[in-house]
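A.B. asks: Sharing coords12.cif here; it has mmCIF, C-alpha atoms.
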```cif
data_coords
loop_
_atom_site.label_atom_id
_atom_site.label_comp_id
_atom_site.auth_asym_id
_atom_site.auth_seq_id
_atom_site.Cartn_x
_atom_site.Cartn_y
_atom_site.Cartn_z
CA MET A 1 1.46 -67.68 -34.23
CA ARG A 2 3.51 -66.68 -37.30
CA ARG A 3 0.87 -68.15 -39.56
CA THR A 4 -1.84 -66.15 -37.79
CA LEU A 5 0.16 -62.96 -38.16
CA ALA A 6 0.86 -63.66 -41.82
CA ILE A 7 -2.85 -64.18 -42.49
CA LEU A 8 -3.65 -60.90 -40.74
CA LEU A 9 -1.13 -59.08 -42.89
CA LEU A 10 -2.44 -60.74 -46.05
CA LEU A 11 -5.95 -59.61 -45.20
CA LEU A 12 -4.77 -56.10 -44.49
CA GLY A 13 -2.60 -55.97 -47.58
CA THR A 14 -0.51 -53.03 -46.40
CA PRO A 15 2.71 -52.46 -44.41
CA MET A 16 2.34 -52.65 -40.64
CA THR A 17 3.76 -49.17 -40.12
CA ARG A 18 0.35 -47.68 -40.97
CA ALA A 19 -1.62 -47.43 -37.75
CA ALA A 20 -4.92 -47.19 -39.62
CA ASP A 21 -4.43 -50.76 -40.77
CA PHE A 22 -3.68 -52.36 -37.40
CA PRO A 23 -6.22 -54.97 -36.26
CA PRO A 24 -8.29 -54.30 -33.13
CA PRO A 25 -6.73 -55.62 -29.89
CA GLU A 26 -9.15 -58.55 -29.62
CA LYS A 27 -8.01 -59.82 -33.02
CA LEU A 28 -4.35 -59.99 -32.04
CA PRO A 29 -2.83 -63.39 -31.27
CA SER A 30 -1.61 -64.25 -27.79
CA ARG A 31 2.15 -63.86 -27.29
CA PRO A 32 3.20 -65.19 -23.88
CA GLY A 33 6.59 -64.06 -22.61
CA LEU A 34 8.58 -61.00 -23.52
CA PRO A 35 8.67 -60.79 -27.33
CA ASP A 36 11.89 -60.74 -29.32
CA PRO A 37 12.21 -57.09 -30.42
CA LEU A 38 13.80 -58.16 -33.70
CA VAL A 39 10.84 -60.31 -34.79
CA MET A 40 8.51 -58.25 -36.94
CA PHE A 41 4.73 -58.30 -36.86
CA ASP A 42 4.59 -60.77 -39.74
CA GLY A 43 6.92 -63.18 -37.92
CA THR A 44 10.04 -62.50 -39.97
CA ARG A 45 13.23 -61.53 -38.18
CA ALA A 46 15.35 -58.44 -38.72
CA THR A 47 18.92 -59.69 -39.10
CA THR A 48 20.72 -56.55 -40.30
CA ARG A 49 21.05 -52.95 -39.18
CA GLU A 50 19.26 -51.85 -42.34
CA GLN A 51 16.27 -54.11 -41.65
CA TRP A 52 16.08 -52.81 -38.09
CA GLU A 53 16.31 -49.16 -39.10
CA THR A 54 14.04 -49.23 -42.15
CA LYS A 55 11.48 -51.87 -41.18
CA ARG A 56 11.32 -53.04 -37.58
CA ARG A 57 12.07 -49.75 -35.80
CA PRO A 58 9.39 -47.77 -37.70
CA GLU A 59 6.96 -50.65 -37.16
CA LEU A 60 7.55 -50.68 -33.39
CA LYS A 61 7.10 -46.91 -33.15
CA ALA A 62 3.79 -47.20 -34.99
CA LEU A 63 2.66 -50.09 -32.78
CA PHE A 64 3.46 -48.25 -29.54
CA GLN A 65 1.63 -45.16 -30.75
CA HIS A 66 -1.47 -47.05 -31.86
CA TYR A 67 -1.84 -49.51 -28.98
CA MET A 68 -0.33 -47.68 -25.99
CA TYR A 69 0.81 -44.05 -26.00
CA GLY A 70 -1.22 -42.41 -28.75
CA GLN A 71 0.08 -40.53 -31.74
CA GLN A 72 3.13 -38.31 -31.39
CA PRO A 73 2.29 -34.82 -32.68
CA GLU A 74 4.13 -34.00 -35.89
CA ASP A 75 3.98 -30.19 -35.71
CA ARG A 76 7.57 -29.05 -35.15
CA GLY A 77 7.19 -25.36 -35.92
CA LYS A 78 9.80 -22.80 -34.93
CA ILE A 79 10.06 -22.15 -31.20
CA ALA A 80 9.80 -18.57 -29.96
CA VAL A 81 12.08 -17.89 -26.98
CA LYS A 82 11.74 -15.17 -24.38
CA VAL A 83 14.25 -14.67 -21.56
CA LEU A 84 12.27 -14.06 -18.36
CA HIS A 85 15.17 -13.99 -15.93
CA GLU A 86 18.95 -14.43 -16.03
CA ASP A 87 21.55 -14.58 -13.28
CA ALA A 88 25.16 -15.00 -14.43
CA LYS A 89 26.38 -15.46 -10.85
CA ALA A 90 24.06 -18.17 -9.59
CA PHE A 91 25.15 -20.92 -7.22
CA GLY A 92 27.96 -18.80 -5.80
CA ASP A 93 29.19 -17.62 -9.21
CA LYS A 94 29.48 -21.21 -10.43
CA ALA A 95 26.67 -21.11 -12.99
CA THR A 96 24.42 -19.01 -15.16
CA LEU A 97 20.74 -19.51 -14.37
CA LYS A 98 18.08 -18.63 -16.93
CA GLU A 99 14.34 -18.97 -16.97
CA LEU A 100 12.99 -19.01 -20.52
CA ALA A 101 9.46 -18.96 -21.90
CA LEU A 102 9.34 -21.33 -24.87
CA SER A 103 6.38 -21.21 -27.25
CA VAL A 104 6.33 -24.84 -28.37
CA ALA A 105 2.84 -25.04 -29.87
CA PRO A 106 0.70 -22.81 -32.11
CA LEU A 107 -2.72 -21.24 -31.65
CA GLY A 108 -1.92 -19.23 -28.54
CA ALA A 109 -0.89 -22.19 -26.37
CA PRO A 110 0.67 -21.25 -23.02
CA PRO A 111 4.48 -21.33 -22.94
CA VAL A 112 6.77 -23.85 -21.32
CA HIS A 113 8.81 -22.23 -18.54
CA LEU A 114 12.28 -23.75 -18.85
CA LEU A 115 14.81 -23.47 -16.05
CA LEU A 116 18.30 -23.77 -17.55
CA VAL A 117 21.45 -23.87 -15.43
CA VAL A 118 24.85 -23.89 -17.19
CA PRO A 119 28.27 -24.15 -15.47
CA ASN A 120 30.38 -21.00 -15.82
CA ASP A 121 33.65 -22.95 -15.64
CA ARG A 122 33.65 -24.42 -19.14
CA LYS A 123 35.98 -24.47 -22.10
CA GLY A 124 33.29 -25.20 -24.65
CA PRO A 125 29.77 -26.57 -24.99
CA VAL A 126 28.78 -28.81 -22.07
CA PRO A 127 26.54 -31.88 -21.85
CA CYS A 128 23.02 -31.27 -20.60
CA PHE A 129 20.42 -33.23 -18.64
CA VAL A 130 16.82 -32.47 -19.60
CA GLY A 131 13.61 -33.58 -17.93
CA MET A 132 10.37 -32.54 -16.30
CA ASN A 133 9.79 -31.87 -12.61
CA PHE A 134 6.74 -32.43 -10.39
CA SER A 135 6.82 -29.31 -8.24
CA GLY A 136 7.68 -26.27 -10.36
CA ASN A 137 11.02 -24.63 -11.13
CA HIS A 138 10.72 -22.34 -8.10
CA THR A 139 11.05 -25.31 -5.72
CA LEU A 140 14.48 -26.25 -7.14
CA VAL A 141 16.24 -22.94 -6.40
CA ASP A 142 16.18 -20.12 -3.86
CA ASP A 143 16.10 -17.42 -6.54
CA ARG A 144 12.93 -15.37 -6.00
CA GLN A 145 12.88 -14.23 -9.63
CA VAL A 146 12.04 -17.74 -10.85
CA ALA A 147 8.32 -17.77 -11.58
CA ILE A 148 5.73 -19.72 -9.59
CA PRO A 149 3.49 -21.86 -11.85
CA THR A 150 -0.15 -20.87 -12.11
CA ALA A 151 -1.40 -24.24 -13.37
CA TRP A 152 -2.92 -27.05 -11.29
CA MET A 153 -0.31 -28.63 -8.98
CA TYR A 154 0.01 -31.97 -7.19
CA PRO A 155 -1.36 -31.62 -3.64
CA GLY A 156 1.63 -33.27 -1.96
CA GLN A 157 4.30 -30.99 -3.38
CA PRO A 158 6.06 -28.32 -1.26
CA GLY A 159 4.05 -25.18 -0.61
CA VAL A 160 0.98 -26.28 -2.58
CA LYS A 161 -2.37 -25.09 -1.22
CA GLY A 162 -5.63 -25.91 -2.97
CA ASN A 163 -3.68 -27.41 -5.87
CA LYS A 164 -1.90 -24.11 -6.44
CA ALA A 165 1.81 -23.39 -5.96
CA THR A 166 2.80 -20.72 -3.45
CA GLU A 167 5.94 -18.88 -2.39
CA ALA A 168 6.17 -21.25 0.59
CA GLY A 169 7.50 -23.95 -1.74
CA ARG A 170 10.47 -21.99 -3.03
CA GLY A 171 13.71 -23.92 -2.70
CA LYS A 172 12.03 -26.76 -0.81
CA ALA A 173 12.86 -29.48 -3.40
CA LYS A 174 16.48 -28.60 -4.12
CA ASP A 175 17.76 -32.06 -3.21
CA VAL A 176 15.42 -33.73 -5.72
CA TRP A 177 17.33 -32.28 -8.69
CA ALA A 178 20.60 -31.45 -6.87
CA LEU A 179 21.49 -28.82 -9.46
CA ASP A 180 24.68 -27.79 -7.66
CA GLN A 181 26.06 -31.33 -7.94
CA SER A 182 25.57 -31.40 -11.73
CA ILE A 183 27.18 -27.97 -12.05
CA ASP A 184 30.21 -29.15 -10.08
CA ARG A 185 30.53 -32.16 -12.40
CA GLY A 186 30.39 -29.99 -15.53
CA TYR A 187 26.80 -30.63 -16.65
CA ALA A 188 24.04 -28.21 -17.55
CA VAL A 189 20.47 -29.02 -16.48
CA ALA A 190 17.23 -28.02 -18.19
CA THR A 191 13.94 -28.72 -16.45
CA PHE A 192 10.31 -27.62 -16.50
CA TYR A 193 7.04 -28.42 -14.72
CA ASN A 194 5.16 -31.22 -16.48
CA GLY A 195 1.92 -29.28 -15.97
CA ASP A 196 3.08 -26.73 -18.54
CA ILE A 197 2.34 -29.43 -21.12
CA ASP A 198 -0.54 -31.16 -19.32
CA PRO A 199 -1.41 -30.95 -15.61
CA ASP A 200 -1.72 -34.52 -14.34
CA GLN A 201 -5.50 -34.70 -13.78
CA LYS A 202 -7.75 -37.58 -14.79
CA GLU A 203 -10.50 -35.67 -16.54
CA LEU A 204 -9.38 -32.13 -17.33
CA ARG A 205 -6.80 -31.42 -20.04
CA GLU A 206 -5.03 -28.08 -19.75
CA GLY A 207 -1.70 -26.48 -20.67
CA VAL A 208 -0.52 -27.26 -24.20
CA ARG A 209 -2.31 -30.62 -24.32
CA PRO A 210 -5.76 -29.46 -25.61
CA ILE A 211 -4.10 -28.21 -28.78
CA LEU A 212 -2.19 -31.47 -29.22
CA SER A 213 -5.45 -33.40 -29.00
CA ARG A 214 -6.52 -31.89 -32.31
CA VAL A 215 -4.12 -34.18 -34.18
CA GLY A 216 -4.77 -37.84 -34.96
CA ASP A 217 -7.92 -39.89 -35.36
CA VAL A 218 -9.93 -39.75 -32.14
CA GLU A 219 -12.04 -42.78 -33.07
CA LYS A 220 -8.94 -44.92 -33.61
CA GLY A 221 -7.30 -43.74 -30.39
CA ASP A 222 -4.42 -42.10 -32.22
CA VAL A 223 -4.46 -38.76 -30.38
CA PRO A 224 -1.55 -38.32 -27.95
CA ALA A 225 -2.24 -39.54 -24.43
CA THR A 226 -0.65 -37.62 -21.57
CA ILE A 227 2.66 -39.53 -21.40
CA MET A 228 3.16 -39.09 -25.14
CA ALA A 229 2.26 -35.40 -24.81
CA TRP A 230 4.84 -35.01 -22.04
CA ALA A 231 7.44 -36.84 -24.14
CA TRP A 232 6.65 -34.54 -27.05
CA GLY A 233 7.16 -31.60 -24.69
CA VAL A 234 10.62 -32.89 -23.75
CA SER A 235 11.44 -33.27 -27.43
CA ARG A 236 10.29 -29.72 -28.15
CA VAL A 237 12.59 -28.46 -25.40
CA VAL A 238 15.39 -30.42 -27.09
CA ASP A 239 14.51 -28.48 -30.25
CA TYR A 240 15.66 -25.41 -28.33
CA LEU A 241 18.60 -26.98 -26.49
CA VAL A 242 20.35 -28.06 -29.70
CA THR A 243 20.47 -24.39 -30.76
CA ASP A 244 22.08 -23.12 -27.54
CA LYS A 245 25.79 -22.50 -28.18
CA ASP A 246 26.65 -23.22 -24.53
CA LEU A 247 25.32 -26.78 -24.80
CA ASP A 248 26.71 -29.80 -26.64
CA ALA A 249 23.89 -30.90 -28.98
CA LYS A 250 25.39 -34.39 -29.23
CA ARG A 251 25.46 -34.94 -25.45
CA ILE A 252 21.88 -34.42 -24.28
CA ALA A 253 20.64 -36.86 -21.63
CA VAL A 254 17.01 -37.24 -20.58
CA VAL A 255 16.10 -38.08 -16.98
CA GLY A 256 12.80 -38.48 -15.16
CA HIS A 257 11.36 -40.03 -12.02
CA SER A 258 8.31 -42.32 -11.76
CA ARG A 259 5.64 -41.26 -14.31
CA LEU A 260 8.15 -38.76 -15.63
CA GLY A 261 10.58 -41.68 -15.96
CA LYS A 262 8.01 -43.33 -18.22
CA THR A 263 8.05 -40.07 -20.14
CA ALA A 264 11.85 -40.03 -20.32
CA ILE A 265 12.13 -43.43 -22.00
CA VAL A 266 9.34 -42.61 -24.47
CA ALA A 267 11.08 -39.34 -25.32
CA ALA A 268 14.38 -41.15 -25.94
CA ALA A 269 12.70 -43.88 -27.97
CA PHE A 270 11.12 -41.34 -30.31
CA ASP A 271 13.90 -38.71 -30.43
CA GLU A 272 17.30 -39.95 -31.54
CA ARG A 273 18.95 -36.63 -30.69
CA ILE A 274 18.78 -37.71 -27.07
CA ALA A 275 22.16 -39.36 -26.49
CA LEU A 276 21.45 -41.10 -23.17
CA ALA A 277 18.36 -41.97 -21.13
CA ILE A 278 17.82 -42.50 -17.40
CA PRO A 279 14.20 -43.43 -16.58
CA HIS A 280 14.35 -43.60 -12.78
CA GLN A 281 11.91 -45.95 -10.98
CA ALA A 282 9.63 -45.78 -14.03
CA GLY A 283 7.72 -49.02 -13.44
CA CYS A 284 4.60 -50.21 -15.27
CA GLY A 285 3.95 -48.44 -18.54
CA GLY A 286 7.59 -47.39 -18.74
CA THR A 287 10.45 -49.73 -17.87
CA ALA A 288 8.66 -52.67 -16.21
CA PRO A 289 7.06 -55.46 -18.24
CA SER A 290 3.35 -55.44 -18.99
CA ARG A 291 3.44 -59.25 -18.96
CA GLN A 292 3.99 -60.00 -15.28
CA ASN A 293 2.29 -61.75 -12.38
CA ASP A 294 4.12 -60.25 -9.41
CA PRO A 295 1.45 -59.34 -6.79
CA LYS A 296 3.73 -56.64 -5.38
CA ALA A 297 4.07 -54.85 -8.71
CA GLU A 298 1.65 -52.51 -10.47
CA SER A 299 -0.29 -54.12 -13.32
CA VAL A 300 -1.55 -52.76 -16.63
CA ALA A 301 -5.14 -52.99 -15.37
CA ARG A 302 -4.28 -51.09 -12.19
CA ILE A 303 -2.38 -48.30 -13.90
CA ASN A 304 -5.09 -47.86 -16.56
CA THR A 305 -7.73 -47.63 -13.83
CA GLY A 306 -5.79 -45.21 -11.67
CA PHE A 307 -4.42 -43.04 -14.46
CA PRO A 308 -6.65 -43.45 -17.52
CA HIS A 309 -5.28 -40.31 -19.20
CA TRP A 310 -1.69 -41.53 -19.35
CA PHE A 311 -2.31 -44.04 -22.16
CA CYS A 312 -4.56 -44.21 -25.21
CA ASP A 313 -7.90 -46.00 -25.19
CA ASN A 314 -6.53 -49.01 -27.05
CA PHE A 315 -4.16 -49.82 -24.19
CA LYS A 316 -7.08 -50.31 -21.81
CA LYS A 317 -8.31 -53.17 -24.00
CA PHE A 318 -5.30 -55.22 -22.83
CA ASN A 319 -6.21 -54.93 -19.12
CA ASP A 320 -7.43 -58.52 -18.92
CA ASP A 321 -4.91 -60.08 -21.31
CA THR A 322 -1.54 -58.42 -21.73
CA SER A 323 -0.30 -61.40 -23.76
CA LYS A 324 -2.11 -59.92 -26.76
CA LEU A 325 0.11 -56.84 -26.77
CA PRO A 326 2.19 -56.93 -29.96
CA PHE A 327 5.19 -55.67 -27.95
CA ASP A 328 6.39 -55.23 -24.38
CA GLN A 329 8.58 -52.66 -22.71
CA ASN A 330 11.78 -54.40 -23.81
CA CYS A 331 10.78 -53.32 -27.31
CA LEU A 332 10.54 -49.72 -26.10
CA ALA A 333 14.00 -50.05 -24.55
CA ALA A 334 15.24 -51.46 -27.86
CA LEU A 335 14.04 -48.30 -29.63
CA VAL A 336 16.69 -46.40 -27.64
CA ALA A 337 19.47 -48.58 -29.11
CA PRO A 338 22.36 -48.15 -29.62
CA ARG A 339 22.33 -45.28 -27.11
CA PRO A 340 23.13 -45.84 -23.39
CA LEU A 341 20.11 -46.58 -21.19
CA LEU A 342 20.10 -46.85 -17.38
CA PHE A 343 17.25 -48.32 -15.33
CA SER A 344 17.55 -47.25 -11.67
CA ASN A 345 15.44 -48.51 -8.78
CA ALA A 346 15.02 -48.84 -5.01
CA VAL A 347 14.73 -51.99 -2.91
CA GLU A 348 11.53 -50.93 -1.13
CA ASP A 349 9.88 -49.77 -4.34
CA GLN A 350 8.51 -53.16 -5.40
CA TRP A 351 5.50 -51.43 -7.00
CA ALA A 352 7.90 -50.37 -9.79
CA ASN A 353 8.95 -54.02 -10.26
CA PRO A 354 12.78 -53.74 -10.09
CA LYS A 355 13.24 -57.43 -10.92
CA GLY A 356 10.96 -57.19 -13.94
CA GLN A 357 12.88 -54.15 -15.14
CA PHE A 358 16.10 -56.15 -15.08
CA GLU A 359 14.44 -58.78 -17.27
CA VAL A 360 13.27 -56.04 -19.65
CA LEU A 361 16.86 -54.90 -20.13
CA LYS A 362 18.03 -58.44 -20.82
CA ALA A 363 15.24 -58.88 -23.35
CA ALA A 364 16.28 -55.66 -25.17
CA GLU A 365 19.81 -56.97 -25.70
CA PRO A 366 19.28 -58.56 -29.13
CA VAL A 367 18.88 -55.14 -30.76
CA TYR A 368 21.82 -53.59 -28.93
CA LYS A 369 24.03 -56.51 -29.95
CA LEU A 370 22.82 -56.40 -33.55
CA LEU A 371 23.88 -52.74 -33.66
CA GLY A 372 27.26 -53.52 -32.08
CA ALA A 373 26.50 -51.55 -28.91
CA GLY A 374 27.10 -54.29 -26.36
CA GLY A 375 24.40 -55.03 -23.83
CA LEU A 376 23.87 -55.63 -20.11
CA ASP A 377 27.04 -56.73 -18.35
CA ALA A 378 25.26 -58.76 -15.69
CA LYS A 379 23.41 -62.07 -15.72
CA GLU A 380 21.78 -61.49 -12.35
CA MET A 381 20.51 -58.38 -10.57
CA PRO A 382 23.40 -56.63 -8.77
CA GLU A 383 23.46 -56.14 -5.04
CA PRO A 384 22.10 -52.80 -3.84
CA GLY A 385 24.51 -49.92 -4.33
CA ARG A 386 26.48 -51.37 -7.27
CA LEU A 387 26.10 -49.68 -10.63
CA ILE A 388 26.15 -51.84 -13.76
CA ASP A 389 27.45 -49.20 -16.16
CA SER A 390 27.36 -51.11 -19.44
CA THR A 391 25.47 -49.61 -22.40
CA LEU A 392 22.35 -51.19 -20.94
CA GLY A 393 22.83 -50.20 -17.31
CA TYR A 394 21.11 -51.15 -14.08
CA TYR A 395 21.21 -49.83 -10.52
CA ILE A 396 19.23 -50.52 -7.36
CA ARG A 397 19.75 -48.89 -3.99
CA PRO A 398 18.29 -49.26 -0.52
CA GLY A 399 15.32 -47.02 0.18
CA ILE A 400 12.01 -45.91 -1.22
CA HIS A 401 10.39 -44.40 -4.31
CA SER A 402 12.18 -41.05 -4.59
CA MET A 403 14.86 -39.14 -6.50
CA THR A 404 17.78 -37.99 -4.35
CA LYS A 405 21.23 -36.40 -4.44
CA ASP A 406 22.74 -39.87 -4.18
CA ASP A 407 20.74 -40.97 -7.23
CA TRP A 408 22.13 -38.01 -9.14
CA LYS A 409 25.67 -39.08 -8.29
CA VAL A 410 24.91 -42.39 -10.00
CA PHE A 411 23.30 -40.61 -12.97
CA LEU A 412 26.42 -38.46 -13.33
CA ASP A 413 28.75 -41.45 -13.04
CA PHE A 414 26.82 -43.24 -15.79
CA ALA A 415 26.88 -40.12 -17.98
CA ASP A 416 30.62 -39.65 -17.40
CA LYS A 417 31.20 -43.22 -18.59
CA HIS A 418 29.17 -42.87 -21.79
CA LEU A 419 29.22 -39.18 -22.69
CA GLY A 420 32.73 -38.36 -21.50
CA LYS A 421 33.68 -36.02 -18.68
#
```
Can I see the file as structure tokens?

C.D. replies:
Amino acid sequence: MRRTLAILLLLLGTPMTRAADFPPPEKLPSRPGLPDPLVMFDGTRATTREQWETKRRPELKALFQHYMYGQQPEDRGKIAVKVLHEDAKAFGDKATLKELALSVAPLGAPPVHLLLVVPNDRKGPVPCFVGMNFSGNHTLVDDRQVAIPTAWMYPGQPGVKGNKATEAGRGKAKDVWALDQSIDRGYAVATFYNGDIDPDQKELREGVRPILSRVGDVEKGDVPATIMAWAWGVSRVVDYLVTDKDLDAKRIAVVGHSRLGKTAIVAAAFDERIALAIPHQAGCGGTAPSRQNDPKAESVARINTGFPHWFCDNFKKFNDDTSKLPFDQNCLAALVAPRPLLFSNAVEDQWANPKGQFEVLKAAEPVYKLLGAGGLDAKEMPEPGRLIDSTLGYYIRPGIHSMTKDDWKVFLDFADKHLGK
């Protein structure tokens, strides 16, 4: 295999961090098993921090963009901020609630509506969780001043009629984000509806996404697919959060559930300002391996068929042979190193492949250990309800595919351990 890769590189004659030079998927050699994240495309191994940071890490980012997620937009212009609503006595005087309109993209793109909740009982800047929600900010609080989204909405979310949000959904998803619990533990929370960036429809691109699609080479599949666009949106929100004097810019944690968990780990992999990542029940295309044969778990072919807009066109060419992928999701986890990373799951959610996710963490360890960050303090999956809170963390609980107040307690415990109370 190394000889094949070396010949490919010789023919290309250029560094493998240039996506334009990558071979087509059918020309890639087969790589059974989870690949070693330290072994570069030409078969050589990164053995020092410098080699990881200057060679292998940039190469992996380029590979993921070209063959899976599409190109991350590079436009990082100044964000315009407008305060739409502020309540300094929210949650029984315990927090200040703000809804902000953030202009994150040029050319008249619609704004991102950010719900930001900051504890009032603080002695200085506080750590902050950031992530996207499925149902709109208005479903997370009772405050009637928080705006109802006008974009397309998921049909199964509270109060949605004809794919449009209504007042009937207000406050109906409070337990999903459990904002009061984070406030009580001393954390701020920043969240926004993922549809502000790109409503999750197969064919129609709306929100900010149509403007993002103008970057990259369409023919080479380098434009951002939806998950990369969402991750970019999280990163643009971080651009604002690091300027807020009430927030600790060095203690920002990203969290997301399901497809938004996939987004969370991509955001952390590509944005080193994110200090900690919790992709919750993220599954295939996020935290579960592409190379797997578990009939109970979602496959690359299935996810590409069901959600073709999530990934770039190149990724679909691996539907029938994932062994040709020049990476797997352990390499994405390795891009988060040396920062803390928690995979959390549920026993009944076998579609997300909890066992495979545990193997992904183990296979990301070489990079964490090279960087002196430790690894996963477990050789076998823990019993349900026990948190493995090492730098590479793992948790599985009884129950189904969902995000709950009990999950948030675990998220907060993990953050306390690694970000400090």

A.B. asks: Name all residues at most 9 Å from A:Gly399 (count only C-alpha atoms; drop same-chain ones fewer than 3 positions away) and give them as a list in words.

C.D. replies: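 Here the answer would be Ala346, Val347, Glu348, Asp349 and Ser402 of chain A.
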
A.B. asks: Report the residues retrieved by the PyMOL selection byres ((chain A and resi 73-85) around 9) from the displayed file, expressed as an NGL selection string.

C.D. replies: :A and (71-72 or 86-87 or 97-106 or 113 or 145-147 or 212-213 or 215-216 or 223-224 or 228-229 or 232 or 236-237 or 239-240)

A.B. asks: Mind checking which residues fall within 10 Å of A:Lys405, counting only C-alpha atoms, ignoring those fewer than 4 positions away in the same chain, and posting them as a list in words?

C.D. replies: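 Those residues are Lys174, Asp175, Val176, Trp177, Ala178, Leu179, Asp180, Gln181, Ser182, Lys409, Val410 and Phe411 of chain A.
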
A.B. asks: Please write the residues picked by the PyMOL selection byres ((chain A and resi 247) around 9) on this file as a PyMOL selection string.

C.D. replies: chain A and resi 118+124-128+188+241-246+248-252

A.B. asks: Given the file shown, enumerate the residues that the PyMOL selection byres ((chain A and resi 30-35) around 12) captures and present them as number ranges by chain.

C.D. replies: A: 1-2, 4-5, 25-29, 36-41, 43, 45, 60, 288-293, 318, 321-332, 334, 356-357, 359-366

A.B. asks: Quote the spacing between atom CA of A:Thr54 and atom CA of A:Leu370 in Å to one decimal place.

C.D. replies: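 Taking atom CA of A:Thr54 and atom CA of A:Leu370, their separation equals 14.2 Å.
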
A.B. asks: Could you work out how far atom CA of A:Trp408 lies from atom CA of A:Arg185, giving the answer in Å with one decimal?

C.D. replies: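 Here the two named atoms are 10.7 Å from each other.
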
A.B. asks: For A:Phe311, which residue out of A:Phe64, A:Leu260, A:Gly393, A:Val255 is the nearest one, using only C-alpha atoms?

C.D. replies: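 Comparing A:Phe64, A:Leu260, A:Gly393, A:Val255 against A:Phe311, the winner is A:Phe64.
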
A.B. asks: Can you tell me, as an mmCIF file with C-alpha atoms, keeping the file's coordinate frame, what residues are no more than 7 Å from A:Asn345 when counting only C-alpha atoms, ignoring any on the same chain fewer than 2 positions away?

C.D. replies:
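Saved result, part-v3.cif, follows:
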```cif
data_model
loop_
_atom_site.group_PDB
_atom_site.id
_atom_site.type_symbol
_atom_site.label_atom_id
_atom_site.label_comp_id
_atom_site.auth_asym_id
_atom_site.auth_seq_id
_atom_site.Cartn_x
_atom_site.Cartn_y
_atom_site.Cartn_z
ATOM 1 C CA HIS A 280 14.350 -43.600 -12.780
ATOM 2 C CA GLN A 281 11.910 -45.950 -10.980
ATOM 3 C CA PHE A 343 17.250 -48.320 -15.330
ATOM 4 C CA VAL A 347 14.730 -51.990 -2.910
ATOM 5 C CA PRO A 354 12.780 -53.740 -10.090
ATOM 6 C CA TYR A 395 21.210 -49.830 -10.520
ATOM 7 C CA ILE A 396 19.230 -50.520 -7.360
ATOM 8 C CA ARG A 397 19.750 -48.890 -3.990
#
```

A.B. asks: Name the closest residue to A:Thr404 among the candidates A:Gln65, A:Thr305, A:Asn194, A:Ser344; distances are taken between atoms, counting only C-alpha atoms.

C.D. replies: A:Ser344

A.B. asks: What gap, in Å, lies between atom CA of A:Ile183 and atom CA of A:Asp407?

C.D. replies: 15.3 Å

A.B. asks: Which residues are near A:Asn133? Cut-off 12 Å, all atoms listed in the file, ignore same chain within fewer than 4 positions. Put them as an mmCIF file with C-alpha atoms, in the coordinates of the input.

C.D. replies:
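Wrote it out as selection_5.cif, contents follow:
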```
data_model
loop_
_atom_site.group_PDB
_atom_site.id
_atom_site.type_symbol
_atom_site.label_atom_id
_atom_site.label_comp_id
_atom_site.auth_asym_id
_atom_site.auth_seq_id
_atom_site.Cartn_x
_atom_site.Cartn_y
_atom_site.Cartn_z
ATOM 1 C CA HIS A 113 8.810 -22.230 -18.540
ATOM 2 C CA LEU A 114 12.280 -23.750 -18.850
ATOM 3 C CA LEU A 115 14.810 -23.470 -16.050
ATOM 4 C CA ASN A 137 11.020 -24.630 -11.130
ATOM 5 C CA HIS A 138 10.720 -22.340 -8.100
ATOM 6 C CA THR A 139 11.050 -25.310 -5.720
ATOM 7 C CA LEU A 140 14.480 -26.250 -7.140
ATOM 8 C CA PRO A 149 3.490 -21.860 -11.850
ATOM 9 C CA MET A 153 -0.310 -28.630 -8.980
ATOM 10 C CA TYR A 154 0.010 -31.970 -7.190
ATOM 11 C CA GLN A 157 4.300 -30.990 -3.380
ATOM 12 C CA ALA A 173 12.860 -29.480 -3.400
ATOM 13 C CA LYS A 174 16.480 -28.600 -4.120
ATOM 14 C CA VAL A 176 15.420 -33.730 -5.720
ATOM 15 C CA TRP A 177 17.330 -32.280 -8.690
ATOM 16 C CA VAL A 189 20.470 -29.020 -16.480
ATOM 17 C CA ALA A 190 17.230 -28.020 -18.190
ATOM 18 C CA THR A 191 13.940 -28.720 -16.450
ATOM 19 C CA PHE A 192 10.310 -27.620 -16.500
ATOM 20 C CA TYR A 193 7.040 -28.420 -14.720
ATOM 21 C CA ASN A 194 5.160 -31.220 -16.480
ATOM 22 C CA GLY A 195 1.920 -29.280 -15.970
ATOM 23 C CA ASP A 196 3.080 -26.730 -18.540
ATOM 24 C CA ILE A 197 2.340 -29.430 -21.120
ATOM 25 C CA PRO A 199 -1.410 -30.950 -15.610
ATOM 26 C CA ASP A 200 -1.720 -34.520 -14.340
ATOM 27 C CA TRP A 230 4.840 -35.010 -22.040
ATOM 28 C CA VAL A 234 10.620 -32.890 -23.750
ATOM 29 C CA VAL A 255 16.100 -38.080 -16.980
ATOM 30 C CA GLY A 256 12.800 -38.480 -15.160
ATOM 31 C CA HIS A 257 11.360 -40.030 -12.020
ATOM 32 C CA SER A 258 8.310 -42.320 -11.760
ATOM 33 C CA ARG A 259 5.640 -41.260 -14.310
ATOM 34 C CA LEU A 260 8.150 -38.760 -15.630
ATOM 35 C CA GLY A 261 10.580 -41.680 -15.960
ATOM 36 C CA THR A 263 8.050 -40.070 -20.140
ATOM 37 C CA ALA A 264 11.850 -40.030 -20.320
ATOM 38 C CA MET A 403 14.860 -39.140 -6.500
#
```

A.B. asks: Could you pull out every residue with an atom within 7 Å of (1.4, -45.8, -23.0), file coordinates, counting only C-alpha atoms, and send them as a ChimeraX atom specification?

C.D. replies: /A:68-69,227,285,310-312,315
